[in-house]
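Take a look at the structure set out below.
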Amino acid sequence: MCVSMSKSEQYFRLPQDVVGHDAALLSYWDQMSARSQLRLLESNISVSTLGELKMLEERFKAPE
């Protein structure tokens, strides 16, 4: 089945699209900066471990 979307339609990802339904990952997601969350939601990245999620958060943090 092929689903096409017009340019006016957008698919918005949810945290579960990034981290799945793992309670530990969702809990950590809630503690992440809004900037990191937004970058991950706008990407096509999905993670399966807490280590991956922490590494991506460090990469997306605003420079100090």
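If you're wondering about the labels, chains in the structure tokens are A, B, ... by order shown, residues count from 1 in each chain, ligands from 1 in order shown.
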
Pick out the residues sitting within 12 Å of A:Arg39, and hand them over as a list in words; count only C-alpha atoms, and ignore anything fewer than 3 positions along from it in its own chain. Arg13, Pro15, Val18, Met32, Ser33, Ala34, Arg35, Ser36, Glu42, Ser43, Asn44, Ile45, Ser46, Leu56, Glu57, Glu58, Arg59, Phe60, Lys61 and Ala62 of chain A

Selection export as a tab-separated table (two decimals), in the first residue's frame, atoms kept: C-alpha atoms:
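Saved to again.tsv:
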chain	number	residue	atom	x	y	z
A	13	ARG	CA	5.95	12.66	15.22
A	15	PRO	CA	7.86	11.03	21.51
A	18	VAL	CA	11.47	8.49	18.69
A	32	MET	CA	15.31	16.52	28.13
A	33	SER	CA	15.53	20.12	26.95
A	34	ALA	CA	12.79	21.34	24.63
A	35	ARG	CA	15.48	22.05	22.01
A	36	SER	CA	16.68	18.44	22.03
A	42	GLU	CA	11.87	16.93	13.43
A	43	SER	CA	14.36	14.23	12.44
A	44	ASN	CA	13.77	10.68	11.27
A	45	ILE	CA	15.86	9.33	14.17
A	46	SER	CA	14.58	6.56	16.42
A	56	LEU	CA	21.81	12.64	20.94
A	57	GLU	CA	20.75	15.03	23.67
A	58	GLU	CA	24.38	16.08	24.15
A	59	ARG	CA	24.74	16.62	20.40
A	60	PHE	CA	21.59	18.80	20.23
A	61	LYS	CA	22.25	20.91	23.34
A	62	ALA	CA	22.72	24.62	22.77

Chain A: residues DSSP assigns to helix (DSSP H, G or I), reported as a ChimeraX atom specification: /A:15-19,23-31,34-42,50-60

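Checking A:Ser48, A:Tyr11, A:Leu41, A:Met55 one by one against A:Ala23, counting only C-alpha atoms, you find the shortest gap at A:Ser48.
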
Gap from atom CA of A:Pro63 to atom CA of A:Leu14 - Å, one decimal: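 Straight-line distance from atom CA of A:Pro63 to atom CA of A:Leu14 works out to 25.6 Å.
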